[in-house]
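What follows is a single structure, written as structure tokens, with notes after it.
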Amino acid sequence: MEKKNIDWENIGFGYIQTDKRFVANYKNGAWDEGTLTDDANIVLNECAGVLQYAQTCFEGMKAYTTEDGHIVTFRPDLNAQRMEDSARRLEMPVFPQDKFVEAIVKTVEANEAYVPPYGSGATLYIRPYMFGSSPVIGVKPAEEYQFRILTTPVGPYFKGGVKPLTIRVSDFDRAAPNGTGHIKAGLNYAMSLHAIVTAHEEGYAENMYLDAATRTKVEETGGANFIFVTKDNKVVTPKSNSILPSITRRSLMVVAKDYLGLEVEEREVYLDEVKDFAECGLCGTAAVISPVGKIVDHGKEICFPSGMEEMGPITKKLYETLTGIQMGRIEAPEGWIKVIK
Ligand SMILES: *Cc1c(COP(=O)(O)O)cnc(C)c1O
């Protein structure tokens, strides 16, 4: 199979249209079979639920070319489960988990020419999403829905190597204690845009959000979970029911424990204790781990001993082990790798 003529090493993290996408429709209480289509556009009624009341949720995952030339995805069953959780919370119909994984496989196979080659640093980003498609004017769930999967090749998140980020403690809240922070709802991102745009204007890469109730505990950023490393090499991640359960973060905790033999802890993390950690990283599918060098809390700087030039040593080991597993260089735990072809 001939790959597309794309400069894989130099693509960014943007949308590049691929040939095929998956579409399934929910109507009269049932999903249809779903199909692949060439049409990248969606025609919707002006009053569609997604347009009026933001009834939409999504997932994010990647397909990788492994060292031995297979195309694989990473733990798609967990994306299927999380999309089910998101759909239930938003009163949307569940797209069956086994069908979800099947549709991922079909969509990636159909866009094989866009799966970046091994060693390029690029990957095929996969975006499953669902939205209320039928007209709604009184506030209630739509009756009809569309589930789609689009793919787009993306470059390495960090061009020219990974440099530690400077982030700030945000004055905005991301998620209410009993709200929607734990699901991947579009609405969580709409309301984060003002916070991230102003953070960028002020020279920060990301916002650290605190718990909305007490503003004393670390939650996450707009799109990534935190991991910290203590001075005695324990890996710590914040626990809260308003954090989105990152699959990358959950996998890194397994890697830390089972591959690196480190102690791991998921617990409440107070902002006050962050200054005592040795390393800090942000984890998510897009970048795997982005090291954080500095956190600015209203003029007060927390600088990690790992500095502003390189990832901390434990962060680096975690990064290399997990990407090694994803690219087939290191043996994966049972069930983590779904071979597409
Ligand atoms: C998607 C997302 C993450 C990262 O989750 P992964 O499954 O690791 O990609 C973290 N935080 C938020 C708010 C997210 O939406």
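Naming works like this for the structure tokens: A, B, ... for the chains as they're shown, residue 1 at the start of each chain, ligands 1 onward in shown order.
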Shell around Ile325 in chain A at 9 Å using only C-alpha atoms, local window under 6 positions removed, as JSON, numbers by chain: {"A": [331, 332, 333, 336, 337]}
With the cut-off set at 9 Å and counting only C-alpha atoms and all ligand atoms, tabulate each residue of chain A with an atom at most that distance from an atom of ligand 1, showing the nearest atom pair and its distance in Å to one decimal, ordered by chain and increasing number, as CSV.
```
residue,atom,partner,partner_atom_place_in_ligand_line,distance
A:Phe58,CA,ligand 1,1 (C),8.7
A:Glu59,CA,ligand 1,1 (C),6.8
A:Gly60,CA,ligand 1,9 (O),5.8
A:Met61,CA,ligand 1,9 (O),6.4
A:Leu78,CA,ligand 1,7 (O),8.3
A:Asn79,CA,ligand 1,7 (O),7.2
A:Arg82,CA,ligand 1,7 (O),8.8
A:Arg174,CA,ligand 1,13 (C),8.6
A:Gly181,CA,ligand 1,13 (C),7.0
A:His182,CA,ligand 1,13 (C),7.7
A:Ile183,CA,ligand 1,15 (O),7.5
A:Lys184,CA,ligand 1,15 (O),5.3
A:Ala185,CA,ligand 1,15 (O),7.8
A:Gly186,CA,ligand 1,15 (O),8.8
A:Asn188,CA,ligand 1,13 (C),7.6
A:Tyr189,CA,ligand 1,15 (O),7.8
A:Glu220,CA,ligand 1,11 (N),6.7
A:Thr221,CA,ligand 1,11 (N),6.7
A:Gly222,CA,ligand 1,13 (C),5.2
A:Gly223,CA,ligand 1,12 (C),3.7
A:Ala224,CA,ligand 1,10 (C),3.5
A:Asn225,CA,ligand 1,10 (C),4.9
A:Phe226,CA,ligand 1,10 (C),8.7
A:Ile243,CA,ligand 1,13 (C),6.8
A:Leu244,CA,ligand 1,11 (N),4.9
A:Pro245,CA,ligand 1,5 (O),6.4
A:Ser246,CA,ligand 1,5 (O),3.4
A:Ile247,CA,ligand 1,7 (O),3.7
A:Thr248,CA,ligand 1,8 (O),3.7
A:Arg249,CA,ligand 1,8 (O),5.8
A:Arg250,CA,ligand 1,8 (O),7.8
A:Ser251,CA,ligand 1,8 (O),8.5
A:Leu282,CA,ligand 1,10 (C),8.5
A:Cys283,CA,ligand 1,8 (O),6.0
A:Gly284,CA,ligand 1,8 (O),3.4
A:Thr285,CA,ligand 1,9 (O),3.7
A:Ala286,CA,ligand 1,9 (O),6.6
A:Ala287,CA,ligand 1,9 (O),8.8
A:Val288,CA,ligand 1,8 (O),7.3
```
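Closest to Gly29 in chain A among A:Phe131, A:Tyr145, A:Tyr270, A:Phe228 is A:Tyr145, based on only C-alpha atoms.
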List as JSON, numbers by chain the protein and nucleic acid residues near Asp77 in chain A, meaning an atom at most 10 Å away when only C-alpha atoms are counted, but skip any in the same chain fewer than 6 places from it. {"A": [83, 97, 98, 100, 101, 335, 336, 338]}
Selection to disk with N, CA and C atoms, as a PDB file, in the first residue's frame:
```
ATOM      1  N   MET A  83     -16.250   6.727  26.512  1.00  0.00           N
ATOM      2  CA  MET A  83     -17.277   7.361  25.679  1.00  0.00           C
ATOM      3  C   MET A  83     -18.669   6.947  26.164  1.00  0.00           C
ATOM      4  N   GLN A  97     -19.777  -0.743  22.936  1.00  0.00           N
ATOM      5  CA  GLN A  97     -18.316  -0.722  23.029  1.00  0.00           C
ATOM      6  C   GLN A  97     -17.624  -1.610  21.993  1.00  0.00           C
ATOM      7  N   ASP A  98     -18.178  -2.783  21.727  1.00  0.00           N
ATOM      8  CA  ASP A  98     -17.532  -3.664  20.739  1.00  0.00           C
ATOM      9  C   ASP A  98     -17.632  -3.055  19.334  1.00  0.00           C
ATOM     10  N   PHE A 100     -17.788   0.111  18.757  1.00  0.00           N
ATOM     11  CA  PHE A 100     -16.873   1.262  18.786  1.00  0.00           C
ATOM     12  C   PHE A 100     -15.482   0.819  18.345  1.00  0.00           C
ATOM     13  N   VAL A 101     -14.995  -0.262  18.952  1.00  0.00           N
ATOM     14  CA  VAL A 101     -13.641  -0.735  18.616  1.00  0.00           C
ATOM     15  C   VAL A 101     -13.591  -1.212  17.160  1.00  0.00           C
ATOM     16  N   GLY A 335      -3.357  -7.158  26.499  1.00  0.00           N
ATOM     17  CA  GLY A 335      -4.543  -6.402  26.124  1.00  0.00           C
ATOM     18  C   GLY A 335      -4.344  -4.924  25.844  1.00  0.00           C
ATOM     19  N   TRP A 336      -3.126  -4.425  25.946  1.00  0.00           N
ATOM     20  CA  TRP A 336      -2.925  -2.982  25.744  1.00  0.00           C
ATOM     21  C   TRP A 336      -2.837  -2.596  24.278  1.00  0.00           C
ATOM     22  N   LYS A 338      -3.903  -3.153  20.381  1.00  0.00           N
ATOM     23  CA  LYS A 338      -4.858  -3.731  19.438  1.00  0.00           C
ATOM     24  C   LYS A 338      -4.227  -3.632  18.045  1.00  0.00           C
TER      25      LYS A 338
END
```
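We find CA of Asn41 in chain A and CA of Thr152 in chain A to be spaced 14.8 Å apart.
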Taking the chain letters and numbering used in this document, name the residues of range 93-134 of chain A that DSSP puts in alpha helix (DSSP H), as a VMD selection string. chain A and resid 97 to 110
Written file, previous selection with all heavy atoms, as a CSV table (one decimal), in the first residue's frame:
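File written: result-v4.csv
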```
chain,number,residue,atom,x,y,z
A,97,GLN,N,-19.8,-0.7,22.9
A,97,GLN,CA,-18.3,-0.7,23.0
A,97,GLN,C,-17.6,-1.6,22.0
A,97,GLN,O,-16.6,-1.2,21.4
A,97,GLN,CB,-17.9,-1.1,24.4
A,97,GLN,CG,-18.2,-0.1,25.5
A,97,GLN,CD,-17.6,-0.3,26.8
A,97,GLN,OE1,-16.5,-0.9,26.9
A,97,GLN,NE2,-18.3,0.0,27.9
A,98,ASP,N,-18.2,-2.8,21.7
A,98,ASP,CA,-17.5,-3.7,20.7
A,98,ASP,C,-17.6,-3.1,19.3
A,98,ASP,O,-16.7,-3.1,18.5
A,98,ASP,CB,-18.1,-5.1,20.8
A,98,ASP,CG,-19.6,-5.1,20.7
A,98,ASP,OD1,-20.3,-4.1,20.9
A,98,ASP,OD2,-20.2,-6.1,20.2
A,99,LYS,N,-18.8,-2.4,19.0
A,99,LYS,CA,-19.0,-1.7,17.7
A,99,LYS,C,-18.0,-0.5,17.6
A,99,LYS,O,-17.5,-0.2,16.5
A,99,LYS,CB,-20.4,-1.3,17.6
A,99,LYS,CG,-21.4,-2.4,17.5
A,99,LYS,CD,-21.7,-2.7,16.0
A,99,LYS,CE,-22.5,-4.0,15.8
A,99,LYS,NZ,-23.7,-4.1,16.5
A,100,PHE,N,-17.8,0.1,18.8
A,100,PHE,CA,-16.9,1.3,18.8
A,100,PHE,C,-15.5,0.8,18.3
A,100,PHE,O,-14.9,1.4,17.4
A,100,PHE,CB,-16.9,1.8,20.2
A,100,PHE,CG,-15.9,3.0,20.5
A,100,PHE,CD1,-16.3,4.3,20.5
A,100,PHE,CD2,-14.5,2.7,20.7
A,100,PHE,CE1,-15.4,5.3,20.8
A,100,PHE,CE2,-13.6,3.8,20.9
A,100,PHE,CZ,-14.1,5.1,21.0
A,101,VAL,N,-15.0,-0.3,19.0
A,101,VAL,CA,-13.6,-0.7,18.6
A,101,VAL,C,-13.6,-1.2,17.2
A,101,VAL,O,-12.7,-0.9,16.4
A,101,VAL,CB,-13.2,-1.8,19.6
A,101,VAL,CG1,-11.8,-2.4,19.2
A,101,VAL,CG2,-13.1,-1.3,21.0
A,102,GLU,N,-14.6,-1.9,16.7
A,102,GLU,CA,-14.7,-2.4,15.3
A,102,GLU,C,-14.6,-1.2,14.4
A,102,GLU,O,-14.0,-1.2,13.3
A,102,GLU,CB,-16.0,-3.1,15.0
A,102,GLU,CG,-16.0,-4.6,15.2
A,102,GLU,CD,-17.5,-5.1,15.1
A,102,GLU,OE1,-18.3,-4.6,14.2
A,102,GLU,OE2,-17.8,-6.0,15.9
A,103,ALA,N,-15.4,-0.1,14.7
A,103,ALA,CA,-15.4,1.1,13.8
A,103,ALA,C,-14.1,1.8,13.8
A,103,ALA,O,-13.7,2.3,12.8
A,103,ALA,CB,-16.5,2.0,14.3
A,104,ILE,N,-13.4,1.8,14.9
A,104,ILE,CA,-12.0,2.4,15.0
A,104,ILE,C,-11.1,1.6,14.0
A,104,ILE,O,-10.4,2.2,13.1
A,104,ILE,CB,-11.4,2.3,16.4
A,104,ILE,CG1,-12.2,3.1,17.4
A,104,ILE,CG2,-9.9,2.6,16.4
A,104,ILE,CD1,-12.1,4.6,17.3
A,105,VAL,N,-11.2,0.3,14.1
A,105,VAL,CA,-10.3,-0.6,13.2
A,105,VAL,C,-10.6,-0.3,11.7
A,105,VAL,O,-9.8,-0.1,10.9
A,105,VAL,CB,-10.6,-2.1,13.5
A,105,VAL,CG1,-9.9,-3.0,12.5
A,105,VAL,CG2,-10.0,-2.4,14.9
A,106,LYS,N,-11.9,-0.3,11.4
A,106,LYS,CA,-12.4,0.0,10.0
A,106,LYS,C,-11.9,1.3,9.5
A,106,LYS,O,-11.4,1.4,8.4
A,106,LYS,CB,-13.9,0.0,9.9
A,106,LYS,CG,-14.5,-1.3,9.5
A,106,LYS,CD,-16.0,-1.0,9.2
A,106,LYS,CE,-16.8,-2.3,9.6
A,106,LYS,NZ,-18.2,-2.0,9.8
A,107,THR,N,-12.0,2.3,10.3
A,107,THR,CA,-11.7,3.7,9.9
A,107,THR,C,-10.2,3.8,9.7
A,107,THR,O,-9.7,4.4,8.7
A,107,THR,CB,-12.2,4.7,10.9
A,107,THR,OG1,-13.5,4.4,11.3
A,107,THR,CG2,-12.1,6.1,10.4
A,108,VAL,N,-9.4,3.2,10.6
A,108,VAL,CA,-7.9,3.3,10.4
A,108,VAL,C,-7.5,2.5,9.2
A,108,VAL,O,-6.7,3.0,8.4
A,108,VAL,CB,-7.2,2.8,11.7
A,108,VAL,CG1,-5.7,2.7,11.5
A,108,VAL,CG2,-7.5,3.7,12.9
A,109,GLU,N,-8.1,1.3,9.0
A,109,GLU,CA,-7.7,0.5,7.8
A,109,GLU,C,-8.0,1.3,6.5
A,109,GLU,O,-7.2,1.3,5.6
A,109,GLU,CB,-8.6,-0.8,7.8
A,109,GLU,CG,-8.0,-1.9,8.6
A,109,GLU,CD,-8.9,-3.1,8.6
A,109,GLU,OE1,-10.2,-3.0,8.2
A,109,GLU,OE2,-8.5,-4.2,9.0
A,110,ALA,N,-9.1,2.0,6.5
A,110,ALA,CA,-9.5,2.7,5.3
A,110,ALA,C,-8.6,3.9,5.1
A,110,ALA,O,-8.6,4.5,4.0
A,110,ALA,CB,-11.0,3.2,5.4
```
Enter the distance from CA of Leu150 in chain A to CA of Asn207 in chain A, in Å, rounded to one decimal.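 CA of Asn207 in chain A lies 27.8 Å from CA of Leu150 in chain A.
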Report as a PyMOL selection string all protein, DNA and RNA residues lying within 10 Å of range 309-321 of chain A, evaluated on only C-alpha atoms, omitting residues in the same chain fewer than 4 positions from it. chain A and resi 161-165+227-230+233-235+251-256+259-260+262+278-283+287-293+304-305+325-327+329-332
So that I can see what lies close to range 113-118 of chain A, please list as JSON, numbers by chain the residues with an atom at most 10 Å from it, counting only C-alpha atoms and leaving out residues fewer than 3 positions away in the same chain. {"A": [1, 2, 3, 4, 5, 6, 7, 8, 9, 16, 17, 18, 19, 62, 63, 64, 65, 66, 67, 68, 69, 70, 71, 108, 109, 110, 121, 122, 123, 124, 125, 151, 152, 153, 154, 155, 327]}
Selected residues, N, CA, C and O atoms, written as a compact mmCIF listing (two decimals), in the first residue's frame, please.
```txt
# COMPACT_ATOMS: atom_id res chain seq x y z
N MET A 1 0.84 -1.20 0.00
CA MET A 1 0.00 0.00 0.00
C MET A 1 0.87 1.26 0.00
O MET A 1 1.78 1.41 0.80
N GLU A 2 0.55 2.14 -0.91
CA GLU A 2 1.33 3.37 -1.10
C GLU A 2 0.93 4.43 -0.07
O GLU A 2 -0.26 4.75 0.04
N LYS A 3 1.88 4.95 0.67
CA LYS A 3 1.57 6.04 1.62
C LYS A 3 1.38 7.35 0.87
O LYS A 3 1.91 7.53 -0.22
N LYS A 4 0.61 8.26 1.45
CA LYS A 4 0.42 9.59 0.85
C LYS A 4 1.74 10.34 0.87
O LYS A 4 2.59 10.11 1.74
N ASN A 5 1.86 11.23 -0.07
CA ASN A 5 3.08 12.02 -0.17
C ASN A 5 2.99 13.21 0.80
O ASN A 5 2.64 14.32 0.44
N ILE A 6 3.29 12.91 2.06
CA ILE A 6 3.20 13.93 3.12
C ILE A 6 4.58 14.02 3.77
O ILE A 6 5.25 13.02 3.93
N ASP A 7 4.98 15.23 4.11
CA ASP A 7 6.26 15.45 4.78
C ASP A 7 6.06 15.14 6.27
O ASP A 7 5.89 16.02 7.10
N TRP A 8 6.06 13.83 6.58
CA TRP A 8 5.65 13.35 7.92
C TRP A 8 6.40 14.05 9.05
O TRP A 8 5.84 14.34 10.09
N GLU A 9 7.69 14.30 8.82
CA GLU A 9 8.50 14.87 9.90
C GLU A 9 8.11 16.31 10.24
O GLU A 9 8.46 16.80 11.30
N ILE A 16 -5.67 17.59 8.96
CA ILE A 16 -5.40 17.27 7.56
C ILE A 16 -6.48 16.28 7.16
O ILE A 16 -6.61 15.21 7.78
N GLN A 17 -7.27 16.62 6.17
CA GLN A 17 -8.39 15.76 5.80
C GLN A 17 -7.90 14.44 5.21
O GLN A 17 -6.99 14.42 4.38
N THR A 18 -8.48 13.33 5.67
CA THR A 18 -8.13 12.02 5.13
C THR A 18 -9.29 11.51 4.26
O THR A 18 -10.31 12.18 4.13
N ASP A 19 -9.14 10.31 3.69
CA ASP A 19 -10.10 9.87 2.67
C ASP A 19 -11.46 9.43 3.23
O ASP A 19 -12.49 9.70 2.64
N LYS A 62 -4.83 7.33 19.19
CA LYS A 62 -3.92 7.35 18.05
C LYS A 62 -3.69 5.96 17.47
O LYS A 62 -3.78 4.97 18.20
N ALA A 63 -3.35 5.92 16.19
CA ALA A 63 -2.82 4.69 15.58
C ALA A 63 -1.34 4.92 15.32
O ALA A 63 -0.93 6.00 14.90
N TYR A 64 -0.55 3.89 15.61
CA TYR A 64 0.90 3.97 15.50
C TYR A 64 1.40 2.91 14.53
O TYR A 64 0.82 1.83 14.44
N THR A 65 2.49 3.21 13.83
CA THR A 65 3.19 2.16 13.10
C THR A 65 4.30 1.66 14.01
O THR A 65 5.10 2.45 14.52
N THR A 66 4.32 0.35 14.25
CA THR A 66 5.31 -0.20 15.16
C THR A 66 6.64 -0.43 14.42
O THR A 66 6.70 -0.37 13.20
N GLU A 67 7.65 -0.76 15.23
CA GLU A 67 8.98 -0.99 14.67
C GLU A 67 8.95 -2.09 13.60
O GLU A 67 9.65 -2.00 12.59
N ASP A 68 8.13 -3.11 13.81
CA ASP A 68 8.08 -4.22 12.84
C ASP A 68 6.99 -4.03 11.77
O ASP A 68 6.61 -4.97 11.07
N GLY A 69 6.47 -2.79 11.64
CA GLY A 69 5.61 -2.46 10.51
C GLY A 69 4.13 -2.73 10.66
O GLY A 69 3.38 -2.61 9.70
N HIS A 70 3.69 -3.09 11.86
CA HIS A 70 2.24 -3.23 12.08
C HIS A 70 1.62 -1.88 12.39
O HIS A 70 2.30 -0.96 12.80
N ILE A 71 0.30 -1.80 12.16
CA ILE A 71 -0.44 -0.62 12.60
C ILE A 71 -1.25 -1.04 13.82
O ILE A 71 -1.98 -2.04 13.77
N VAL A 108 -9.39 3.22 10.59
CA VAL A 108 -7.93 3.29 10.44
C VAL A 108 -7.50 2.50 9.20
O VAL A 108 -6.69 2.98 8.41
N GLU A 109 -8.07 1.31 9.01
CA GLU A 109 -7.74 0.50 7.82
C GLU A 109 -8.01 1.29 6.55
O GLU A 109 -7.20 1.28 5.62
N ALA A 110 -9.14 1.98 6.51
CA ALA A 110 -9.53 2.73 5.31
C ALA A 110 -8.61 3.93 5.06
O ALA A 110 -8.57 4.46 3.95
N GLY A 121 7.98 10.10 14.02
CA GLY A 121 7.51 10.90 15.15
C GLY A 121 6.04 11.25 15.01
O GLY A 121 5.39 11.65 15.97
N ALA A 122 5.49 11.08 13.81
CA ALA A 122 4.08 11.40 13.59
C ALA A 122 3.20 10.16 13.85
O ALA A 122 3.70 9.03 13.88
N THR A 123 1.91 10.41 14.05
CA THR A 123 0.94 9.32 14.29
C THR A 123 -0.38 9.70 13.62
O THR A 123 -0.55 10.83 13.18
N LEU A 124 -1.28 8.74 13.55
CA LEU A 124 -2.63 9.07 13.05
C LEU A 124 -3.53 9.32 14.25
O LEU A 124 -3.79 8.40 15.04
N TYR A 125 -3.96 10.55 14.39
CA TYR A 125 -4.87 10.89 15.50
C TYR A 125 -6.28 10.44 15.12
O TYR A 125 -6.71 10.60 13.97
N THR A 151 -10.14 10.80 11.24
CA THR A 151 -8.72 10.60 11.52
C THR A 151 -7.94 11.71 10.85
O THR A 151 -8.38 12.25 9.82
N THR A 152 -6.82 12.06 11.42
CA THR A 152 -5.96 13.07 10.82
C THR A 152 -4.52 12.82 11.27
O THR A 152 -4.28 12.57 12.45
N PRO A 153 -3.57 12.81 10.31
CA PRO A 153 -2.19 12.59 10.75
C PRO A 153 -1.68 13.81 11.52
O PRO A 153 -1.97 14.95 11.14
N VAL A 154 -0.97 13.55 12.61
CA VAL A 154 -0.43 14.66 13.42
C VAL A 154 1.05 14.43 13.66
O VAL A 154 1.52 13.30 13.77
N GLY A 155 1.76 15.53 13.73
CA GLY A 155 3.20 15.47 13.95
C GLY A 155 3.52 15.26 15.41
O GLY A 155 2.62 15.22 16.25
N MET A 327 5.03 1.77 20.46
CA MET A 327 5.69 1.58 19.16
C MET A 327 6.22 0.15 18.98
O MET A 327 6.93 -0.14 18.01
```
I'd like to know which of A:Tyr204, A:Tyr26, A:Tyr157, A:Tyr53 is closest to Asp297 in chain A, using only C-alpha atoms. A:Tyr204
Near-Asp39 in chain A list (10 Å; only C-alpha atoms; drop same-chain fewer than 5 positions) as number ranges by chain: A: 19-23
Point-to-point distance in Å for CA of Lys217 in chain A and CA of Val264 in chain A: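 Going from CA of Val264 in chain A over to CA of Lys217 in chain A, I get 18.5 Å.
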Near Arg215 in chain A, within 10 Å and counting only C-alpha atoms, which residues show up once chain neighbours fewer than 3 positions away are dropped, as a ChimeraX atom specification? /A:171,173,209-212,218-219,270-271
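Residue nearest Ser240 in chain A, chosen from A:Met191, A:Val269, A:Ala54, A:Leu90 and counting only C-alpha atoms: A:Val269.
Nearest-residue note for Pro135 in chain A: choosing from A:Val274, A:Ala30, A:Ala48, A:Leu187, the minimum distance belongs to A:Ala48, counting only C-alpha atoms.
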Per DSSP on the backbone, filter range 41-288 of chain A down to the residues in strand (DSSP E or B) and report them as a VMD selection string. chain A and resid 48 56 to 58 61 to 65 71 to 74 123 to 132 135 145 to 154 165 to 169 185 206 to 208 210 217 to 218 220 225 to 229 235 to 238 264 to 267 270 279 to 284 288
